[in-house]
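Q: Got target.pdb for you, PDB, C-alpha atoms:
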```pdb
MODEL        1
ATOM      1  CA  MET D   1      50.661 128.915  62.583
ATOM      2  CA  SER D   2      49.462 131.391  59.946
ATOM      3  CA  PHE D   3      46.706 130.898  57.407
ATOM      4  CA  SER D   4      46.600 132.334  53.900
ATOM      5  CA  SER D   5      43.027 133.057  52.911
ATOM      6  CA  ARG D   6      41.272 134.314  49.829
ATOM      7  CA  GLU D   7      38.304 136.624  50.431
ATOM      8  CA  TRP D   8      35.839 138.591  48.311
ATOM      9  CA  HIS D   9      35.850 142.398  48.584
ATOM     10  CA  LEU D  10      33.290 144.823  47.233
ATOM     11  CA  VAL D  11      35.247 147.441  45.261
ATOM     12  CA  ALA D  12      32.409 149.389  43.600
ATOM     13  CA  ARG D  13      28.697 149.946  44.230
ATOM     14  CA  PRO D  14      26.713 148.075  41.544
ATOM     15  CA  VAL D  15      24.324 149.866  39.245
ATOM     16  CA  GLY D  16      21.613 147.374  38.377
ATOM     17  CA  GLU D  17      22.826 143.769  38.267
ATOM     18  CA  PRO D  18      26.217 143.343  39.987
ATOM     19  CA  THR D  19      29.142 142.460  37.708
ATOM     20  CA  VAL D  20      32.635 141.057  38.266
ATOM     21  CA  SER D  21      34.040 144.601  38.052
ATOM     22  CA  ASP D  22      32.250 145.396  41.321
ATOM     23  CA  VAL D  23      34.202 142.798  43.313
ATOM     24  CA  ALA D  24      37.713 141.437  43.734
ATOM     25  CA  LEU D  25      39.125 138.186  45.119
ATOM     26  CA  VAL D  26      41.924 139.208  47.494
ATOM     27  CA  THR D  27      44.541 137.071  49.236
ATOM     28  CA  THR D  28      45.342 137.898  52.861
ATOM     29  CA  THR D  29      47.140 136.304  55.815
ATOM     30  CA  LEU D  30      45.311 135.824  59.096
ATOM     31  CA  ALA D  31      46.885 136.667  62.423
ATOM     32  CA  ASP D  32      47.334 133.838  64.914
ATOM     33  CA  PRO D  33      44.381 133.475  67.297
ATOM     34  CA  GLY D  34      44.743 135.276  70.598
ATOM     35  CA  PRO D  35      43.143 134.351  73.933
ATOM     36  CA  GLY D  36      39.461 133.530  73.448
ATOM     37  CA  GLN D  37      39.795 133.354  69.642
ATOM     38  CA  VAL D  38      39.545 130.626  67.007
ATOM     39  CA  VAL D  39      40.422 130.214  63.356
ATOM     40  CA  VAL D  40      37.731 128.536  61.267
ATOM     41  CA  ARG D  41      38.288 126.885  57.899
ATOM     42  CA  ASN D  42      35.059 127.587  56.087
ATOM     43  CA  ASP D  43      33.528 124.500  54.501
ATOM     44  CA  PHE D  44      30.307 126.025  53.095
ATOM     45  CA  LEU D  45      29.339 129.623  52.370
ATOM     46  CA  SER D  46      25.810 130.930  52.020
ATOM     47  CA  VAL D  47      24.836 133.386  49.281
ATOM     48  CA  ASP D  48      21.456 135.053  49.788
ATOM     49  CA  PRO D  49      19.226 137.693  48.180
ATOM     50  CA  TYR D  50      19.589 140.178  51.074
ATOM     51  CA  MET D  51      23.275 140.546  50.175
ATOM     52  CA  ARG D  52      22.295 142.533  47.074
ATOM     53  CA  GLY D  53      20.885 145.302  49.265
ATOM     54  CA  ARG D  54      24.086 145.417  51.284
ATOM     55  CA  MET D  55      26.021 146.250  48.117
ATOM     56  CA  ASP D  56      24.201 149.610  47.974
ATOM     57  CA  ASP D  57      25.119 152.496  50.244
ATOM     58  CA  ARG D  58      21.750 152.925  51.887
ATOM     59  CA  GLU D  59      20.168 152.343  55.256
ATOM     60  CA  SER D  60      18.676 148.928  55.867
ATOM     61  CA  TYR D  61      18.324 146.397  58.661
ATOM     62  CA  LEU D  62      21.951 145.398  58.067
ATOM     63  CA  PRO D  63      24.749 147.877  57.322
ATOM     64  CA  PRO D  64      26.058 148.077  53.752
ATOM     65  CA  PHE D  65      29.238 146.282  52.795
ATOM     66  CA  GLY D  66      32.257 148.562  53.079
ATOM     67  CA  LEU D  67      34.193 149.264  49.921
ATOM     68  CA  ASN D  68      37.557 147.483  49.649
ATOM     69  CA  GLU D  69      36.666 145.369  52.684
ATOM     70  CA  PRO D  70      35.734 141.680  52.911
ATOM     71  CA  MET D  71      32.051 140.939  52.499
ATOM     72  CA  THR D  72      30.234 138.992  55.186
ATOM     73  CA  GLY D  73      27.519 136.361  55.389
ATOM     74  CA  THR D  74      26.739 133.093  57.096
ATOM     75  CA  ALA D  75      29.163 130.203  56.819
ATOM     76  CA  VAL D  76      29.797 126.845  58.448
ATOM     77  CA  GLY D  77      33.251 125.453  59.006
ATOM     78  CA  THR D  78      35.748 123.552  61.108
ATOM     79  CA  VAL D  79      37.864 125.032  63.885
ATOM     80  CA  VAL D  80      41.523 124.538  62.915
ATOM     81  CA  ALA D  81      43.177 126.636  65.654
ATOM     82  CA  SER D  82      41.823 127.595  69.048
ATOM     83  CA  GLN D  83      42.780 129.585  72.123
ATOM     84  CA  THR D  84      39.603 128.770  74.058
ATOM     85  CA  ALA D  85      38.460 125.564  75.713
ATOM     86  CA  ASP D  86      34.851 126.418  74.865
ATOM     87  CA  VAL D  87      35.415 125.866  71.120
ATOM     88  CA  PRO D  88      38.066 123.197  70.566
ATOM     89  CA  VAL D  89      39.912 122.321  67.385
ATOM     90  CA  GLY D  90      37.732 120.045  65.262
ATOM     91  CA  ALA D  91      34.415 121.599  66.310
ATOM     92  CA  THR D  92      31.926 122.458  63.550
ATOM     93  CA  VAL D  93      30.604 126.006  63.907
ATOM     94  CA  THR D  94      28.450 128.565  62.161
ATOM     95  CA  HIS D  95      29.322 132.259  62.068
ATOM     96  CA  PHE D  96      28.912 135.424  59.972
ATOM     97  CA  LEU D  97      32.341 135.807  58.342
ATOM     98  CA  GLY D  98      31.585 134.153  55.041
ATOM     99  CA  TRP D  99      32.856 135.089  51.569
ATOM    100  CA  ARG D 100      36.349 133.848  52.581
ATOM    101  CA  GLU D 101      38.327 130.644  53.070
ATOM    102  CA  TYR D 102      39.439 131.179  56.682
ATOM    103  CA  ALA D 103      38.030 133.385  59.420
ATOM    104  CA  LEU D 104      39.498 134.657  62.705
ATOM    105  CA  LEU D 105      36.744 135.042  65.299
ATOM    106  CA  SER D 106      36.182 135.332  69.014
ATOM    107  CA  ALA D 107      34.435 132.427  70.710
ATOM    108  CA  ASP D 108      31.249 134.444  71.175
ATOM    109  CA  GLN D 109      31.012 134.961  67.388
ATOM    110  CA  VAL D 110      30.600 131.253  66.622
ATOM    111  CA  GLN D 111      27.971 128.662  67.427
ATOM    112  CA  VAL D 112      28.871 124.987  67.703
ATOM    113  CA  VAL D 113      26.427 122.781  65.762
ATOM    114  CA  ASP D 114      25.478 119.134  66.040
ATOM    115  CA  THR D 115      26.465 117.287  62.874
ATOM    116  CA  HIS D 116      24.873 114.091  64.200
ATOM    117  CA  LEU D 117      21.465 115.744  63.856
ATOM    118  CA  ALA D 118      22.067 116.925  60.279
ATOM    119  CA  PRO D 119      24.945 117.628  57.882
ATOM    120  CA  ALA D 120      26.889 120.799  58.610
ATOM    121  CA  GLN D 121      25.540 122.700  55.613
ATOM    122  CA  ALA D 122      21.945 122.204  56.823
ATOM    123  CA  TYR D 123      22.660 124.891  59.422
ATOM    124  CA  LEU D 124      22.951 127.414  56.594
ATOM    125  CA  GLY D 125      19.602 126.321  55.176
ATOM    126  CA  VAL D 126      16.730 124.375  56.638
ATOM    127  CA  LEU D 127      18.152 124.377  60.206
ATOM    128  CA  GLY D 128      19.407 127.955  59.951
ATOM    129  CA  THR D 129      17.814 131.313  59.326
ATOM    130  CA  THR D 130      16.403 130.093  55.997
ATOM    131  CA  GLY D 131      14.233 127.456  57.642
ATOM    132  CA  LEU D 132      13.430 129.753  60.555
ATOM    133  CA  THR D 133      12.256 132.429  58.110
ATOM    134  CA  ALA D 134       9.746 130.005  56.605
ATOM    135  CA  TRP D 135       8.583 128.754  60.008
ATOM    136  CA  ALA D 136       8.238 132.159  61.673
ATOM    137  CA  SER D 137       6.477 133.597  58.623
ATOM    138  CA  LEU D 138       3.769 130.959  58.818
ATOM    139  CA  LYS D 139       3.612 130.752  62.610
ATOM    140  CA  GLU D 140       3.775 134.414  63.688
ATOM    141  CA  VAL D 141       3.859 136.873  60.790
ATOM    142  CA  ALA D 142       1.060 135.443  58.631
ATOM    143  CA  PRO D 143      -0.225 132.575  60.796
ATOM    144  CA  VAL D 144      -1.631 129.582  58.950
ATOM    145  CA  GLU D 145      -4.928 128.336  60.354
ATOM    146  CA  GLU D 146      -6.511 124.943  59.815
ATOM    147  CA  GLY D 147      -8.026 124.725  56.342
ATOM    148  CA  ASP D 148      -6.276 127.796  54.900
ATOM    149  CA  VAL D 149      -5.306 128.200  51.259
ATOM    150  CA  VAL D 150      -1.646 129.247  51.130
ATOM    151  CA  PHE D 151       0.265 130.785  48.210
ATOM    152  CA  ILE D 152       4.075 130.941  48.181
ATOM    153  CA  SER D 153       6.176 132.730  45.574
ATOM    154  CA  GLY D 154       9.766 131.760  44.908
ATOM    155  CA  ALA D 155       8.524 128.320  45.904
ATOM    156  CA  ALA D 156      11.514 126.354  44.589
ATOM    157  CA  GLY D 157      14.001 128.560  46.425
ATOM    158  CA  ALA D 158      15.592 128.173  49.831
ATOM    159  CA  VAL D 159      12.750 129.661  51.884
ATOM    160  CA  GLY D 160       9.850 128.810  49.588
ATOM    161  CA  SER D 161      10.585 125.108  49.161
ATOM    162  CA  VAL D 162      10.625 124.639  52.936
ATOM    163  CA  ALA D 163       7.657 126.957  53.537
ATOM    164  CA  GLY D 164       5.343 124.944  51.316
ATOM    165  CA  GLN D 165       6.008 121.812  53.333
ATOM    166  CA  LEU D 166       5.628 123.630  56.652
ATOM    167  CA  ALA D 167       2.324 125.176  55.562
ATOM    168  CA  ARG D 168       0.934 121.687  55.140
ATOM    169  CA  LYS D 169       2.201 120.648  58.573
ATOM    170  CA  LEU D 170       0.462 123.705  60.048
ATOM    171  CA  GLY D 171      -2.905 122.673  58.629
ATOM    172  CA  ALA D 172      -3.197 124.271  55.185
ATOM    173  CA  SER D 173      -5.812 122.599  52.999
ATOM    174  CA  GLN D 174      -4.256 123.784  49.739
ATOM    175  CA  VAL D 175      -0.715 124.969  49.001
ATOM    176  CA  ILE D 176       0.055 126.790  45.751
ATOM    177  CA  GLY D 177       3.548 127.786  44.660
ATOM    178  CA  SER D 178       5.117 129.741  41.825
ATOM    179  CA  ALA D 179       8.495 128.972  40.294
ATOM    180  CA  GLY D 180      10.373 129.594  37.056
ATOM    181  CA  GLY D 181      10.205 126.895  34.410
ATOM    182  CA  PRO D 182       8.493 123.509  34.042
ATOM    183  CA  ASP D 183      11.239 121.530  35.800
ATOM    184  CA  LYS D 184      10.949 123.581  38.991
ATOM    185  CA  VAL D 185       7.160 123.548  38.839
ATOM    186  CA  LYS D 186       7.237 119.767  38.587
ATOM    187  CA  ARG D 187       9.418 119.542  41.688
ATOM    188  CA  LEU D 188       6.920 121.613  43.661
ATOM    189  CA  THR D 189       4.236 118.980  43.351
ATOM    190  CA  GLU D 190       6.362 115.840  43.128
ATOM    191  CA  GLU D 191       8.945 116.564  45.864
ATOM    192  CA  TYR D 192       7.722 119.398  48.076
ATOM    193  CA  GLY D 193       4.058 118.474  48.420
ATOM    194  CA  PHE D 194       2.470 121.516  46.782
ATOM    195  CA  ASP D 195      -0.993 120.934  45.325
ATOM    196  CA  THR D 196      -0.378 123.247  42.381
ATOM    197  CA  GLY D 197       2.680 124.768  40.754
ATOM    198  CA  LEU D 198       2.517 127.934  38.649
ATOM    199  CA  ASP D 199       5.177 128.790  36.070
ATOM    200  CA  TYR D 200       5.628 132.559  36.212
ATOM    201  CA  ARG D 201       7.772 132.437  33.081
ATOM    202  CA  ALA D 202       4.663 131.363  31.169
ATOM    203  CA  GLY D 203       3.146 134.782  31.928
ATOM    204  CA  ASP D 204      -0.149 135.993  33.417
ATOM    205  CA  ILE D 205       0.670 135.006  36.975
ATOM    206  CA  ALA D 206      -2.524 136.718  38.145
ATOM    207  CA  GLY D 207      -4.646 134.617  35.824
ATOM    208  CA  GLN D 208      -2.819 131.420  36.771
ATOM    209  CA  LEU D 209      -3.293 132.125  40.479
ATOM    210  CA  ALA D 210      -6.979 132.974  40.120
ATOM    211  CA  ALA D 211      -7.554 129.684  38.306
ATOM    212  CA  ALA D 212      -5.619 127.701  40.901
ATOM    213  CA  ALA D 213      -7.400 129.330  43.867
ATOM    214  CA  PRO D 214     -11.106 129.653  42.917
ATOM    215  CA  ASN D 215     -11.986 130.081  46.608
ATOM    216  CA  GLY D 216      -9.318 132.702  47.205
ATOM    217  CA  VAL D 217      -6.085 132.753  49.232
ATOM    218  CA  ASP D 218      -5.855 133.144  52.999
ATOM    219  CA  VAL D 219      -2.070 133.375  53.461
ATOM    220  CA  TYR D 220       0.586 134.598  51.048
ATOM    221  CA  LEU D 221       4.322 134.275  51.726
ATOM    222  CA  ASP D 222       5.945 136.799  49.395
ATOM    223  CA  ASN D 223       9.542 136.240  48.308
ATOM    224  CA  VAL D 224       9.213 138.067  44.989
ATOM    225  CA  GLY D 225       7.155 141.270  45.202
ATOM    226  CA  GLY D 226       6.090 143.014  41.994
ATOM    227  CA  ASP D 227       3.536 141.180  39.878
ATOM    228  CA  HIS D 228       3.314 138.304  42.372
ATOM    229  CA  LEU D 229       2.248 140.570  45.218
ATOM    230  CA  ASP D 230      -0.275 142.260  42.944
ATOM    231  CA  ALA D 231      -1.653 138.894  41.828
ATOM    232  CA  ALA D 232      -2.044 137.792  45.443
ATOM    233  CA  LEU D 233      -3.880 140.973  46.421
ATOM    234  CA  GLN D 234      -6.492 140.272  43.759
ATOM    235  CA  VAL D 235      -7.422 136.887  45.247
ATOM    236  CA  MET D 236      -6.840 137.442  48.969
ATOM    237  CA  ASN D 237      -9.780 136.515  51.137
ATOM    238  CA  LEU D 238     -11.282 138.709  53.836
ATOM    239  CA  ARG D 239      -8.716 139.244  56.604
ATOM    240  CA  GLY D 240      -6.022 137.466  54.635
ATOM    241  CA  ARG D 241      -2.431 137.595  55.862
ATOM    242  CA  VAL D 242       0.683 138.433  53.844
ATOM    243  CA  ALA D 243       4.234 137.813  55.098
ATOM    244  CA  MET D 244       6.486 140.159  53.123
ATOM    245  CA  VAL D 245       9.765 138.230  53.253
ATOM    246  CA  GLY D 246      11.522 139.456  50.114
ATOM    247  CA  ALA D 247      11.117 141.236  46.805
ATOM    248  CA  ILE D 248      13.854 139.718  44.675
ATOM    249  CA  SER D 249      12.174 140.816  41.443
ATOM    250  CA  MET D 250      13.106 144.415  42.294
ATOM    251  CA  TYR D 251      16.535 144.164  43.918
ATOM    252  CA  ASN D 252      18.482 145.123  40.801
ATOM    253  CA  ALA D 253      16.091 147.919  39.778
ATOM    254  CA  THR D 254      17.769 151.271  39.176
ATOM    255  CA  GLU D 255      14.531 153.186  39.824
ATOM    256  CA  LEU D 256      11.786 152.623  42.340
ATOM    257  CA  PRO D 257       9.006 150.617  40.690
ATOM    258  CA  ALA D 258       5.367 151.634  40.866
ATOM    259  CA  GLY D 259       3.411 150.167  43.752
ATOM    260  CA  PRO D 260       1.081 147.182  43.185
ATOM    261  CA  PRO D 261      -1.909 148.504  41.199
ATOM    262  CA  HIS D 262      -4.344 146.470  43.288
ATOM    263  CA  LEU D 263      -2.995 147.552  46.669
ATOM    264  CA  PRO D 264      -6.257 149.402  47.518
ATOM    265  CA  LEU D 265      -8.007 146.017  47.599
ATOM    266  CA  ALA D 266      -6.206 145.381  50.883
ATOM    267  CA  ILE D 267      -8.333 148.064  52.518
ATOM    268  CA  GLY D 268     -11.734 146.565  51.862
ATOM    269  CA  LYS D 269     -10.509 143.033  52.437
ATOM    270  CA  ARG D 270      -8.774 144.092  55.680
ATOM    271  CA  VAL D 271      -5.631 142.299  54.555
ATOM    272  CA  ASN D 272      -2.709 142.325  56.965
ATOM    273  CA  LEU D 273       0.530 142.988  55.042
ATOM    274  CA  ARG D 274       3.409 142.570  57.480
ATOM    275  CA  GLY D 275       7.113 142.858  56.844
ATOM    276  CA  MET D 276       9.217 139.937  58.041
ATOM    277  CA  ASN D 277      12.750 140.047  59.456
ATOM    278  CA  VAL D 278      14.016 136.781  60.872
ATOM    279  CA  SER D 279      15.972 138.544  63.618
ATOM    280  CA  ASP D 280      12.645 139.267  65.339
ATOM    281  CA  HIS D 281      11.929 135.558  65.694
ATOM    282  CA  PHE D 282      15.056 133.890  67.053
ATOM    283  CA  HIS D 283      13.065 132.841  70.133
ATOM    284  CA  LEU D 284      11.436 130.217  67.890
ATOM    285  CA  MET D 285      14.722 128.608  66.843
ATOM    286  CA  PRO D 286      15.083 125.969  69.604
ATOM    287  CA  GLU D 287      11.535 124.679  69.045
ATOM    288  CA  PHE D 288      11.885 124.761  65.277
ATOM    289  CA  ALA D 289      15.298 123.049  65.242
ATOM    290  CA  ARG D 290      13.958 120.172  67.346
ATOM    291  CA  GLN D 291      10.908 119.687  65.162
ATOM    292  CA  ALA D 292      12.679 120.183  61.842
ATOM    293  CA  GLY D 293      15.477 117.836  62.870
ATOM    294  CA  GLY D 294      12.891 115.125  63.488
ATOM    295  CA  TRP D 295      11.151 115.795  60.190
ATOM    296  CA  LEU D 296      14.446 115.612  58.312
ATOM    297  CA  ALA D 297      15.235 112.323  60.008
ATOM    298  CA  ASP D 298      11.870 110.732  59.165
ATOM    299  CA  GLY D 299      11.909 112.072  55.607
ATOM    300  CA  SER D 300       8.781 114.214  55.930
ATOM    301  CA  LEU D 301      10.764 117.406  55.284
ATOM    302  CA  VAL D 302      12.819 117.689  52.095
ATOM    303  CA  ALA D 303      15.635 120.247  51.961
ATOM    304  CA  ASP D 304      17.281 120.594  48.559
ATOM    305  CA  GLU D 305      20.589 122.305  47.899
ATOM    306  CA  THR D 306      22.348 123.674  44.845
ATOM    307  CA  VAL D 307      26.109 123.496  45.417
ATOM    308  CA  VAL D 308      28.827 125.427  43.580
ATOM    309  CA  ASP D 309      32.443 124.443  44.272
ATOM    310  CA  GLY D 310      35.301 126.819  45.024
ATOM    311  CA  ILE D 311      35.812 130.250  46.583
ATOM    312  CA  ASP D 312      36.648 131.579  43.124
ATOM    313  CA  HIS D 313      33.082 130.769  42.019
ATOM    314  CA  ALA D 314      31.305 132.366  45.011
ATOM    315  CA  PHE D 315      30.349 135.562  43.181
ATOM    316  CA  GLU D 316      29.195 133.513  40.207
ATOM    317  CA  ALA D 317      26.999 131.473  42.574
ATOM    318  CA  PHE D 318      25.538 134.659  44.011
ATOM    319  CA  GLY D 319      24.590 135.942  40.561
ATOM    320  CA  ALA D 320      23.077 132.597  39.581
ATOM    321  CA  MET D 321      20.980 132.593  42.769
ATOM    322  CA  MET D 322      19.719 136.105  42.036
ATOM    323  CA  ARG D 323      18.644 134.927  38.572
ATOM    324  CA  GLY D 324      16.794 131.939  40.031
ATOM    325  CA  ALA D 325      19.205 129.243  38.859
ATOM    326  CA  ASN D 326      19.085 127.397  42.179
ATOM    327  CA  THR D 327      16.644 124.857  43.544
ATOM    328  CA  GLY D 328      16.542 124.976  47.330
ATOM    329  CA  LYS D 329      19.451 126.578  49.158
ATOM    330  CA  MET D 330      22.376 127.931  47.130
ATOM    331  CA  LEU D 331      25.706 127.023  48.758
ATOM    332  CA  VAL D 332      29.371 127.416  47.918
ATOM    333  CA  ARG D 333      31.485 124.427  48.983
ATOM    334  CA  LEU D 334      35.156 124.961  49.786
ATOM    335  CA  PRO D 335      37.691 122.130  49.571
ATOM    336  CA  LYS D 336      39.105 120.685  52.768
ATOM    337  CA  ASP D 337      42.889 120.794  52.924
TER     338      ASP D 337
ENDMDL
END
```
Render the structure in this file as structure tokens.
A:
Amino acid sequence: MSFSSREWHLVARPVGEPTVSDVALVTTTLADPGPGQVVVRNDFLSVDPYMRGRMDDRESYLPPFGLNEPMTGTAVGTVVASQTADVPVGATVTHFLGWREYALLSADQVQVVDTHLAPAQAYLGVLGTTGLTAWASLKEVAPVEEGDVVFISGAAGAVGSVAGQLARKLGASQVIGSAGGPDKVKRLTEEYGFDTGLDYRAGDIAGQLAAAAPNGVDVYLDNVGGDHLDAALQVMNLRGRVAMVGAISMYNATELPAGPPHLPLAIGKRVNLRGMNVSDHFHLMPEFARQAGGWLADGSLVADETVVDGIDHAFEAFGAMMRGANTGKMLVRLPKD
């Protein structure tokens, strides 16, 4: 049995915001699975901010995408052919060969997931590295202590929307989030349990944050960088903690931006600014999955998704996510044959 599969290739390194001329949708035919291998029909693909960095030819924590080669990323799908008893046909698995319709993998490249605990796509979001990023950031990187004031940027996104809810579960007394536009800001307080939502598109994020946090901020989870990080530095309390998760405001910059003007404040305030990479925290996944699965079941944890249909719209979904068009996790859904 052979499988025809469409897959996205990077064909040129983007300059600034990626465009359709930087990628191509290519049709290929997969080889039959050999001993110990499976073929997975991808049902959902994840598109994430870190993928923008992989489009550049520079050193990072993940290697850059190769030119004229299929791009990769997390996906969840159904095993449709198998040459291993460990992963039978019909199993639902996660893996890292996204950006395509079908994937040929060895059994050790896939992880079988429990769809009775949560829908399959949850393992790309709240029960995957997205949720773990939020949890580990607030448990280990910038630990939330009872009574803390917590600020989260990108608060309506995949990590931020979960992080705000987890901060409350960890004992935060006040949770403040920033998002783009009044609709997203409304969701922060009405659906995700934030005390205050700030609309960065209204301008003066530093002034908005200072007004919302008159007693300062103890923990900041930074998904944005730039003016948000600078605003947080101005109101951080003594020995505040910053988890530097992402800097999406700068990913398409063609020149290195100037550093935060108020960075020297971190010295006197003894602020701990710590970079966060989820791969350092996989030891927390079993504990987090058990707890988060229970919270999803009892409704005390809300995990939103923005779903775009079709492999042909995957690059479009990626661009929309980079521009902040999503609420919660951005996913690409592929039709089942």
Q: So that I can see what lies close to Tyr61 of chain D, please list as a list of chain:residue names the residues with an atom at most 12 Å from it, counting only C-alpha atoms and leaving out residues fewer than 5 positions away in the same chain.
A: D:Tyr50, D:Met51, D:Gly53, D:Arg54, D:Gly275, D:Met276, D:Asn277, D:Val278, D:Ser279, D:Asp280
Q: Could you save those same residues with C-alpha atoms as a PDB file, keeping the file's coordinate frame?
A:
```
ATOM      1  CA  TYR D  50      19.589 140.178  51.074  1.00  0.00           C
ATOM      2  CA  MET D  51      23.275 140.546  50.175  1.00  0.00           C
ATOM      3  CA  GLY D  53      20.885 145.302  49.265  1.00  0.00           C
ATOM      4  CA  ARG D  54      24.086 145.417  51.284  1.00  0.00           C
ATOM      5  CA  GLY D 275       7.113 142.858  56.844  1.00  0.00           C
ATOM      6  CA  MET D 276       9.217 139.937  58.041  1.00  0.00           C
ATOM      7  CA  ASN D 277      12.750 140.047  59.456  1.00  0.00           C
ATOM      8  CA  VAL D 278      14.016 136.781  60.872  1.00  0.00           C
ATOM      9  CA  SER D 279      15.972 138.544  63.618  1.00  0.00           C
ATOM     10  CA  ASP D 280      12.645 139.267  65.339  1.00  0.00           C
TER      11      ASP D 280
END
```
Q: Exactly which residues make up the result of the PyMOL selection byres ((chain D and resi 206) around 9) on this file, given as a list of chain:residue names?
A: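 This file, filtered by the PyMOL selection byres ((chain D and resi 206) around 9), leaves D:Gly203, D:Asp204, D:Ile205, D:Gly207, D:Gln208, D:Leu209, D:Ala210, D:Ala211, D:Asp227, D:His228, D:Asp230, D:Ala231, D:Ala232, D:Gln234, D:Val235.
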Q: Deliver the residues from the most recent selection as a file, using C-alpha atoms, as an mmCIF file, keeping the file's coordinate frame.
A:
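result-v5.cif written:
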```
data_model
loop_
_atom_site.group_PDB
_atom_site.id
_atom_site.type_symbol
_atom_site.label_atom_id
_atom_site.label_comp_id
_atom_site.auth_asym_id
_atom_site.auth_seq_id
_atom_site.Cartn_x
_atom_site.Cartn_y
_atom_site.Cartn_z
ATOM 1 C CA GLY D 203 3.146 134.782 31.928
ATOM 2 C CA ASP D 204 -0.149 135.993 33.417
ATOM 3 C CA ILE D 205 0.670 135.006 36.975
ATOM 4 C CA GLY D 207 -4.646 134.617 35.824
ATOM 5 C CA GLN D 208 -2.819 131.420 36.771
ATOM 6 C CA LEU D 209 -3.293 132.125 40.479
ATOM 7 C CA ALA D 210 -6.979 132.974 40.120
ATOM 8 C CA ALA D 211 -7.554 129.684 38.306
ATOM 9 C CA ASP D 227 3.536 141.180 39.878
ATOM 10 C CA HIS D 228 3.314 138.304 42.372
ATOM 11 C CA ASP D 230 -0.275 142.260 42.944
ATOM 12 C CA ALA D 231 -1.653 138.894 41.828
ATOM 13 C CA ALA D 232 -2.044 137.792 45.443
ATOM 14 C CA GLN D 234 -6.492 140.272 43.759
ATOM 15 C CA VAL D 235 -7.422 136.887 45.247
#
```
Q: Could you check which of D:Trp135, D:Tyr123, D:Tyr102, D:Phe96 is closest to His281 of chain D, using all atoms listed in the file?
A: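 For His281 of chain D, the nearest of the candidates is D:Trp135.
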Q: Select from segment 94-187 of chain D every residue with an atom at most 12 Å from any atom of segment 262-273 of chain D, then for each give the shortest pair of atoms and their distance in Å to one decimal, using all atoms listed in the file, rows by chain and rising number, as a Markdown table.
A:
```
| residue | atom | partner | partner_atom | distance |
| --- | --- | --- | --- | --- |
| D:Ser137 | CA | D:Leu273 | CA | 11.7 |
| D:Val141 | CA | D:Leu273 | CA | 9.0 |
| D:Ala142 | CA | D:Asn272 | CA | 8.0 |
| D:Pro143 | CA | D:Asn272 | CA | 10.8 |
```
Q: Output C-alpha atoms for every residue in that selection, as a PDB file, keeping the file's coordinate frame.
A:
```pdb
ATOM      1  CA  SER D 137       6.477 133.597  58.623  1.00  0.00           C
ATOM      2  CA  VAL D 141       3.859 136.873  60.790  1.00  0.00           C
ATOM      3  CA  ALA D 142       1.060 135.443  58.631  1.00  0.00           C
ATOM      4  CA  PRO D 143      -0.225 132.575  60.796  1.00  0.00           C
TER       5      PRO D 143
END
```
Q: Taking every listed atom of segment 234-244 of chain D and adding 6 Å to each side, what centre and edge lengths in Å (one decimal) does the axis-aligned box have, as JSON?
A:
```
{"center_x": -2.4, "center_y": 138.4, "center_z": 50.2, "size_x": 29.8, "size_y": 15.8, "size_z": 24.8}
```
Q: List the residues selected by the PyMOL selection byres ((chain D and resi 182) around 12) in the file shown, writing them as a list in words.
A: Ala156, Ser178, Ala179, Gly180, Gly181, Asp183, Lys184, Val185, Lys186, Arg187, Leu188, Thr189, Gly197, Leu198, Asp199, Tyr200, Arg201 and Ala202 of chain D
Q: As a check of understanding, name the residues that the PyMOL selection byres ((chain D and resi 131) around 12) selects in the supplied structure, as a short mmCIF file (atom, residue, chain, number, x, y, z; two decimals) with C-alpha atoms, in the frame of the given file.
A:
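After the write, part_6.cif holds the following:
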```
data_model
loop_
_atom_site.label_atom_id
_atom_site.label_comp_id
_atom_site.auth_asym_id
_atom_site.auth_seq_id
_atom_site.Cartn_x
_atom_site.Cartn_y
_atom_site.Cartn_z
CA ALA D 122 21.94 122.20 56.82
CA TYR D 123 22.66 124.89 59.42
CA LEU D 124 22.95 127.41 56.59
CA GLY D 125 19.60 126.32 55.18
CA VAL D 126 16.73 124.38 56.64
CA LEU D 127 18.15 124.38 60.21
CA GLY D 128 19.41 127.96 59.95
CA THR D 129 17.81 131.31 59.33
CA THR D 130 16.40 130.09 56.00
CA LEU D 132 13.43 129.75 60.56
CA THR D 133 12.26 132.43 58.11
CA ALA D 134 9.75 130.00 56.60
CA TRP D 135 8.58 128.75 60.01
CA ALA D 136 8.24 132.16 61.67
CA SER D 137 6.48 133.60 58.62
CA LEU D 138 3.77 130.96 58.82
CA GLY D 157 14.00 128.56 46.42
CA ALA D 158 15.59 128.17 49.83
CA VAL D 159 12.75 129.66 51.88
CA GLY D 160 9.85 128.81 49.59
CA SER D 161 10.58 125.11 49.16
CA VAL D 162 10.62 124.64 52.94
CA ALA D 163 7.66 126.96 53.54
CA GLY D 164 5.34 124.94 51.32
CA GLN D 165 6.01 121.81 53.33
CA LEU D 166 5.63 123.63 56.65
CA VAL D 278 14.02 136.78 60.87
CA HIS D 281 11.93 135.56 65.69
CA PHE D 282 15.06 133.89 67.05
CA LEU D 284 11.44 130.22 67.89
CA MET D 285 14.72 128.61 66.84
CA PHE D 288 11.88 124.76 65.28
CA ALA D 289 15.30 123.05 65.24
CA GLN D 291 10.91 119.69 65.16
CA ALA D 292 12.68 120.18 61.84
CA GLY D 293 15.48 117.84 62.87
CA LEU D 296 14.45 115.61 58.31
CA LEU D 301 10.76 117.41 55.28
CA VAL D 302 12.82 117.69 52.10
CA ALA D 303 15.64 120.25 51.96
CA ASP D 304 17.28 120.59 48.56
CA GLY D 328 16.54 124.98 47.33
CA LYS D 329 19.45 126.58 49.16
#
```
